[in-house]
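Colleague: Sharing a structure below in structure tokens format, with a few things to ask.
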Amino acid sequence: MKRVLLALALAAALPAAAQSPVITVKESPRWGSFQISISPYSPNIDSEFTATPFPPYATIFGTSRPLMVQALFNKSLWVTQFGTLELGLGVGFWQVSGEGIYQAQDGTLVRGGSTNLMLIPIQAQVGYRWEWFYERFEVPFEPYARFAIIDSIWSTSGQNGTSSWTTADFVIQRGSGATFGWSATLGLALVLDFFDTGLSRQMDYDVGINRTLLFFDFTRSSINDFGSKNSWQLAPSYWAWSIGLQFVF
Amino acid sequence: MLRRASLLLLLLPGFALAQTGTVTAFATSQGVIGQANRADCTSATAVATWAIVTTGLTLATGDKWRLSTSSGSCSTTVPTTYLTEVLASSTTQSIPGVFVAQMATEASVSCIGANNQTINLCVYYLPTGTIPSNPLVFTGTLNFQTAIPPPPSVNSSSPGDGQLSINVTSGTATATETAVTGLTFTVTCTPPAGGSAKSATGNAGNIVCSGLTNGTPYTVTAVATSSAGNVGAVSAAFGPGDSTTPLPFVDFWTVYKSAGGVETGGCGAGGAGSLAPLLAVLGFLVARRRRS
């Protein structure tokens, strides 16, 4: 009789066990990460025009800082108990719109119409994430640093598609191109797994995501073809902050 | 029981031989089956095609179709005045070249009237040699859409770079101009004498007249067209004036270059383009490590 009762009890418990398996396997090996972020962005194009009362960028687009959206995929090169060295590729998108200017026959200028500047920054980056605090003491913070080489593809447009400008010697300069530069980032990530280790293990078991990080960082950059005299500055003049999520797998 | 079954068997061949049919027509200019517009109605050359589809009919050489129209139901006797008579060569037959104006006249349609004037299409089957007292009649309908729209209102104009954005709305219906819904508008921008006008078509709201010359004051007019293709009268002229004079547009790139900006456009200006291969190599290395 006792055996029958035991069998019934086990049978009743089985469905529950199937829905919430107890994760006993070890953490899966880590091999990379993916992150998405947003950042208020304003290129310092007006750095060329410090003596001009009406610098072009501020005149057309004002002082707003539209959000740049970026995504970055990293491959882990060196994983130790102290941290992870990563190499990655990323892409972003940013666009700002402003009011153009109409020039009347009598020379007066009237604001109207729409003109845009669009950036698509592509970057190759190397970074190091210091995971020792969390691994050793379970302090849920991971500082990190990154350095990136950037190729920022850009395009300006007016009422008739991509803009163009004809020089005094009749050379047409199209308002599109690509400008190279670099960036350095310092940031701090909050390890969200700390708040629910069970769910964290479940995610690793189900989809292979070892760790989820909410990060906040500051980036200093220069995008002017490394100081070329024929290039404008597409990087901000300030340490640009960004916030995002990173999934380590 | 046996009697009922026998009766049913006797009736069955009758069902199989039932002679039915339909007829549709469309004015060639419309491309819409069952519809004709004012231009078709008033034109001496506009024609329609009738499509006859019948079943259960066995045609003999020399049989004919006689076509007519009627404002009411088709007569059950063969009409002596009719549109045309053609040889019945097939139970599914297309008859082109029937004059729309003649169809309208026979059915007493007012070509400068309202929309939705429906007439009946009557097709009489005439076997060889005899005109039966009780002929087979196949029927269909054709809808005349003859209402025209009133002249539209040109409300405003905003100048752009080589273009004008014209705000157009429907005019107010009158006794003779009743089409005020489902309209499209054609805006025409005419330069001073000697230049060529430009036109643009769109729905009510802003329609952009493009390809214009900056600094030239244009005169703007508009006409409305009903969904059936009836064109109304031309609106009152708007302009010429400041608001109908296209102006050169100065965009951000022009402002930047005018101010003396050094950027010249293109890829990798200043020799930094040599970094492009580096990015490519980095991408390749990542991809290669993933595969291994």
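Labels used: A, B, ... for chains in the order of the structure tokens, numbers from 1 for residues in each chain, and numbers from 1 for ligands as shown.
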List the spatial neighbours of range 114-125 of chain B as a PyMOL selection string - criterion: any atom at most 6 Å away, only C-alpha atoms, same-chain residues fewer than 4 positions off excluded.
Modeller: chain B and resi 65-71+74+136-147
Colleague: Would you write out those residues with N, CA and C atoms, as a tab-separated table (two decimals), in the first residue's frame?
Modeller:
```
chain	number	residue	atom	x	y	z
B	65	TRP	N	-28.37	38.06	-83.07
B	65	TRP	CA	-28.65	38.81	-81.85
B	65	TRP	C	-29.14	40.19	-82.28
B	66	ARG	N	-30.19	40.65	-81.63
B	66	ARG	CA	-30.64	42.03	-81.87
B	66	ARG	C	-30.48	42.79	-80.55
B	67	LEU	N	-29.76	43.89	-80.62
B	67	LEU	CA	-29.43	44.65	-79.39
B	67	LEU	C	-30.25	45.92	-79.29
B	68	SER	N	-30.74	46.18	-78.10
B	68	SER	CA	-31.42	47.46	-77.87
B	68	SER	C	-31.27	47.84	-76.41
B	69	THR	N	-31.60	49.06	-76.11
B	69	THR	CA	-31.57	49.53	-74.71
B	69	THR	C	-32.93	50.08	-74.33
B	70	SER	N	-33.16	50.14	-73.02
B	70	SER	CA	-34.46	50.61	-72.54
B	70	SER	C	-34.28	51.26	-71.18
B	71	SER	N	-35.06	52.31	-70.95
B	71	SER	CA	-35.01	52.93	-69.62
B	71	SER	C	-35.73	52.07	-68.59
B	74	CYS	N	-36.88	45.35	-70.26
B	74	CYS	CA	-36.80	45.00	-71.68
B	74	CYS	C	-38.16	44.47	-72.14
B	136	LEU	N	-36.48	34.85	-76.94
B	136	LEU	CA	-35.60	34.79	-75.76
B	136	LEU	C	-34.94	36.16	-75.57
B	137	VAL	N	-34.93	36.65	-74.34
B	137	VAL	CA	-34.33	37.95	-74.06
B	137	VAL	C	-33.31	37.79	-72.94
B	138	PHE	N	-32.10	38.23	-73.22
B	138	PHE	CA	-31.06	38.25	-72.17
B	138	PHE	C	-30.81	39.70	-71.80
B	139	THR	N	-30.73	39.99	-70.50
B	139	THR	CA	-30.67	41.40	-70.07
B	139	THR	C	-29.43	41.69	-69.21
B	140	GLY	N	-29.09	42.97	-69.16
B	140	GLY	CA	-28.03	43.47	-68.29
B	140	GLY	C	-28.26	44.95	-68.07
B	141	THR	N	-27.33	45.61	-67.41
B	141	THR	CA	-27.50	47.04	-67.15
B	141	THR	C	-26.22	47.81	-67.48
B	142	LEU	N	-26.38	49.09	-67.73
B	142	LEU	CA	-25.26	50.00	-67.91
B	142	LEU	C	-25.58	51.27	-67.13
B	143	ASN	N	-24.58	51.73	-66.38
B	143	ASN	CA	-24.79	52.88	-65.51
B	143	ASN	C	-24.12	54.11	-66.10
B	144	PHE	N	-24.88	55.15	-66.36
B	144	PHE	CA	-24.32	56.41	-66.88
B	144	PHE	C	-24.00	57.33	-65.71
B	145	GLN	N	-22.72	57.74	-65.65
B	145	GLN	CA	-22.27	58.68	-64.61
B	145	GLN	C	-21.99	60.00	-65.34
B	146	THR	N	-22.94	60.89	-65.33
B	146	THR	CA	-22.80	62.09	-66.16
B	146	THR	C	-22.64	63.38	-65.34
B	147	ALA	N	-22.65	63.27	-64.03
B	147	ALA	CA	-22.49	64.49	-63.22
B	147	ALA	C	-21.06	64.99	-63.30
```
Colleague: Pick out the residues sitting within 7 Å of Ser152 in chain A, and hand them over as a ChimeraX atom specification; count only C-alpha atoms, and ignore anything fewer than 5 positions along from it in its own chain.
Modeller: /A:119-122,178-180
Colleague: Quick one: write out the picked residues with C-alpha atoms as an mmCIF file, in the first residue's frame?
Modeller:
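Wrote again.cif, looks like this:
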```cif
data_model
loop_
_atom_site.group_PDB
_atom_site.id
_atom_site.type_symbol
_atom_site.label_atom_id
_atom_site.label_comp_id
_atom_site.auth_asym_id
_atom_site.auth_seq_id
_atom_site.Cartn_x
_atom_site.Cartn_y
_atom_site.Cartn_z
ATOM 1 C CA LEU A 119 24.919 59.474 -39.788
ATOM 2 C CA ILE A 120 25.503 55.730 -39.876
ATOM 3 C CA PRO A 121 28.584 55.077 -37.744
ATOM 4 C CA ILE A 122 30.262 51.709 -38.231
ATOM 5 C CA ALA A 178 32.390 58.782 -44.893
ATOM 6 C CA THR A 179 34.580 60.188 -42.149
ATOM 7 C CA PHE A 180 36.921 58.171 -39.949
#
```
Colleague: What does the distance from CA of Leu192 in chain A to CA of Thr219 in chain A come to in Å, to one decimal?
Modeller: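 About the pair CA of Leu192 in chain A and CA of Thr219 in chain A: they are 22.7 Å apart.
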Colleague: Pick out each residue of range 51-225 of chain B that DSSP on the backbone tags as helix (DSSP H, G or I); I need them as an MDAnalysis selection string.
Modeller: chainID B and resid 100:106
Colleague: I'd like the contact shell of Ser157 in chain B - 8 Å cut-off, only C-alpha atoms, skipping same-chain residues fewer than 6 positions apart - returned as JSON, numbers by chain.
Modeller: {"B": [164, 165, 166, 167, 243, 244]}
Colleague: Mind dumping a table of every chain A residue within 8 Å of chain B, with the nearest atom pair and its distance in Å to one decimal, using only C-alpha atoms, sorted by chain and rising number, as JSON lines?
Modeller:
```
{"residue": "A:Glu48", "atom": "CA", "partner": "B:Gly261", "partner_atom": "CA", "distance": 7.1}
{"residue": "A:Pro55", "atom": "CA", "partner": "B:Ala259", "partner_atom": "CA", "distance": 7.8}
{"residue": "A:Pro56", "atom": "CA", "partner": "B:Tyr256", "partner_atom": "CA", "distance": 5.2}
{"residue": "A:Tyr57", "atom": "CA", "partner": "B:Phe252", "partner_atom": "CA", "distance": 7.4}
{"residue": "A:Ile60", "atom": "CA", "partner": "B:Phe252", "partner_atom": "CA", "distance": 6.4}
{"residue": "A:Lys75", "atom": "CA", "partner": "B:Val286", "partner_atom": "CA", "distance": 6.8}
{"residue": "A:Leu87", "atom": "CA", "partner": "B:Val286", "partner_atom": "CA", "distance": 7.7}
{"residue": "A:Gly88", "atom": "CA", "partner": "B:Val286", "partner_atom": "CA", "distance": 7.6}
{"residue": "A:Leu89", "atom": "CA", "partner": "B:Gly283", "partner_atom": "CA", "distance": 7.0}
{"residue": "A:Gly100", "atom": "CA", "partner": "B:Asp251", "partner_atom": "CA", "distance": 5.1}
{"residue": "A:Ile101", "atom": "CA", "partner": "B:Val250", "partner_atom": "CA", "distance": 5.0}
{"residue": "A:Tyr102", "atom": "CA", "partner": "B:Phe249", "partner_atom": "CA", "distance": 4.7}
{"residue": "A:Gln103", "atom": "CA", "partner": "B:Pro248", "partner_atom": "CA", "distance": 5.7}
{"residue": "A:Ala104", "atom": "CA", "partner": "B:Leu247", "partner_atom": "CA", "distance": 6.0}
{"residue": "A:Gln105", "atom": "CA", "partner": "B:Gly215", "partner_atom": "CA", "distance": 6.3}
{"residue": "A:Gly113", "atom": "CA", "partner": "B:Gly160", "partner_atom": "CA", "distance": 7.3}
{"residue": "A:Ser114", "atom": "CA", "partner": "B:Asp251", "partner_atom": "CA", "distance": 7.8}
{"residue": "A:Thr115", "atom": "CA", "partner": "B:Asp251", "partner_atom": "CA", "distance": 5.5}
{"residue": "A:Asn116", "atom": "CA", "partner": "B:Phe252", "partner_atom": "CA", "distance": 7.2}
{"residue": "A:Leu117", "atom": "CA", "partner": "B:Phe252", "partner_atom": "CA", "distance": 7.8}
{"residue": "A:Gln123", "atom": "CA", "partner": "B:Leu279", "partner_atom": "CA", "distance": 7.9}
{"residue": "A:Ala124", "atom": "CA", "partner": "B:Leu279", "partner_atom": "CA", "distance": 6.4}
{"residue": "A:Asp151", "atom": "CA", "partner": "B:Ala276", "partner_atom": "CA", "distance": 7.9}
{"residue": "A:Thr156", "atom": "CA", "partner": "B:Trp253", "partner_atom": "CA", "distance": 6.4}
{"residue": "A:Ser157", "atom": "CA", "partner": "B:Asp251", "partner_atom": "CA", "distance": 7.2}
{"residue": "A:Gly158", "atom": "CA", "partner": "B:Asp251", "partner_atom": "CA", "distance": 5.2}
{"residue": "A:Gln159", "atom": "CA", "partner": "B:Asp161", "partner_atom": "CA", "distance": 7.0}
{"residue": "A:Ser163", "atom": "CA", "partner": "B:Trp253", "partner_atom": "CA", "distance": 6.2}
{"residue": "A:Ser164", "atom": "CA", "partner": "B:Trp253", "partner_atom": "CA", "distance": 7.1}
{"residue": "A:Trp165", "atom": "CA", "partner": "B:Thr254", "partner_atom": "CA", "distance": 6.2}
{"residue": "A:Gln173", "atom": "CA", "partner": "B:Thr264", "partner_atom": "CA", "distance": 5.9}
{"residue": "A:Arg174", "atom": "CA", "partner": "B:Gly265", "partner_atom": "CA", "distance": 5.8}
{"residue": "A:Gly175", "atom": "CA", "partner": "B:Gly265", "partner_atom": "CA", "distance": 5.7}
{"residue": "A:Ser176", "atom": "CA", "partner": "B:Gly265", "partner_atom": "CA", "distance": 5.4}
{"residue": "A:Gly177", "atom": "CA", "partner": "B:Gly266", "partner_atom": "CA", "distance": 4.0}
{"residue": "A:Ala178", "atom": "CA", "partner": "B:Cys267", "partner_atom": "CA", "distance": 4.5}
{"residue": "A:Thr179", "atom": "CA", "partner": "B:Gly268", "partner_atom": "CA", "distance": 5.7}
{"residue": "A:Phe180", "atom": "CA", "partner": "B:Ala272", "partner_atom": "CA", "distance": 6.4}
{"residue": "A:Asp225", "atom": "CA", "partner": "B:Ala272", "partner_atom": "CA", "distance": 5.5}
{"residue": "A:Phe226", "atom": "CA", "partner": "B:Ala272", "partner_atom": "CA", "distance": 7.2}
{"residue": "A:Ser228", "atom": "CA", "partner": "B:Gly270", "partner_atom": "CA", "distance": 5.1}
{"residue": "A:Lys229", "atom": "CA", "partner": "B:Val262", "partner_atom": "CA", "distance": 7.0}
{"residue": "A:Asn230", "atom": "CA", "partner": "B:Glu263", "partner_atom": "CA", "distance": 5.1}
{"residue": "A:Ser231", "atom": "CA", "partner": "B:Glu263", "partner_atom": "CA", "distance": 4.4}
{"residue": "A:Trp232", "atom": "CA", "partner": "B:Glu263", "partner_atom": "CA", "distance": 5.2}
```
Colleague: For CA of Ser64 in chain A and CA of Ala189 in chain A, determine how far apart the two atoms are, in Å to one decimal place.
Modeller: 27.2 Å
Colleague: Between CA of Arg38 in chain B and CA of Ile112 in chain B, what is the distance, to one decimal in Å?
Modeller: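 It comes out at 6.8 Å.
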Colleague: Find the spatial neighbours of range 228-237 of chain B, counting only C-alpha atoms, within a cut-off of 6 Å - ignore same-chain residues fewer than 3 positions away - and output them as a PyMOL selection string.
Modeller: chain B and resi 37+148-152+220-225
Colleague: DSSP on the backbone: which residues in range 25-100 of chain A end up as strand (DSSP E or B)? Give the answer as a ChimeraX atom specification.
Modeller: /A:32-40,67-79,83-100
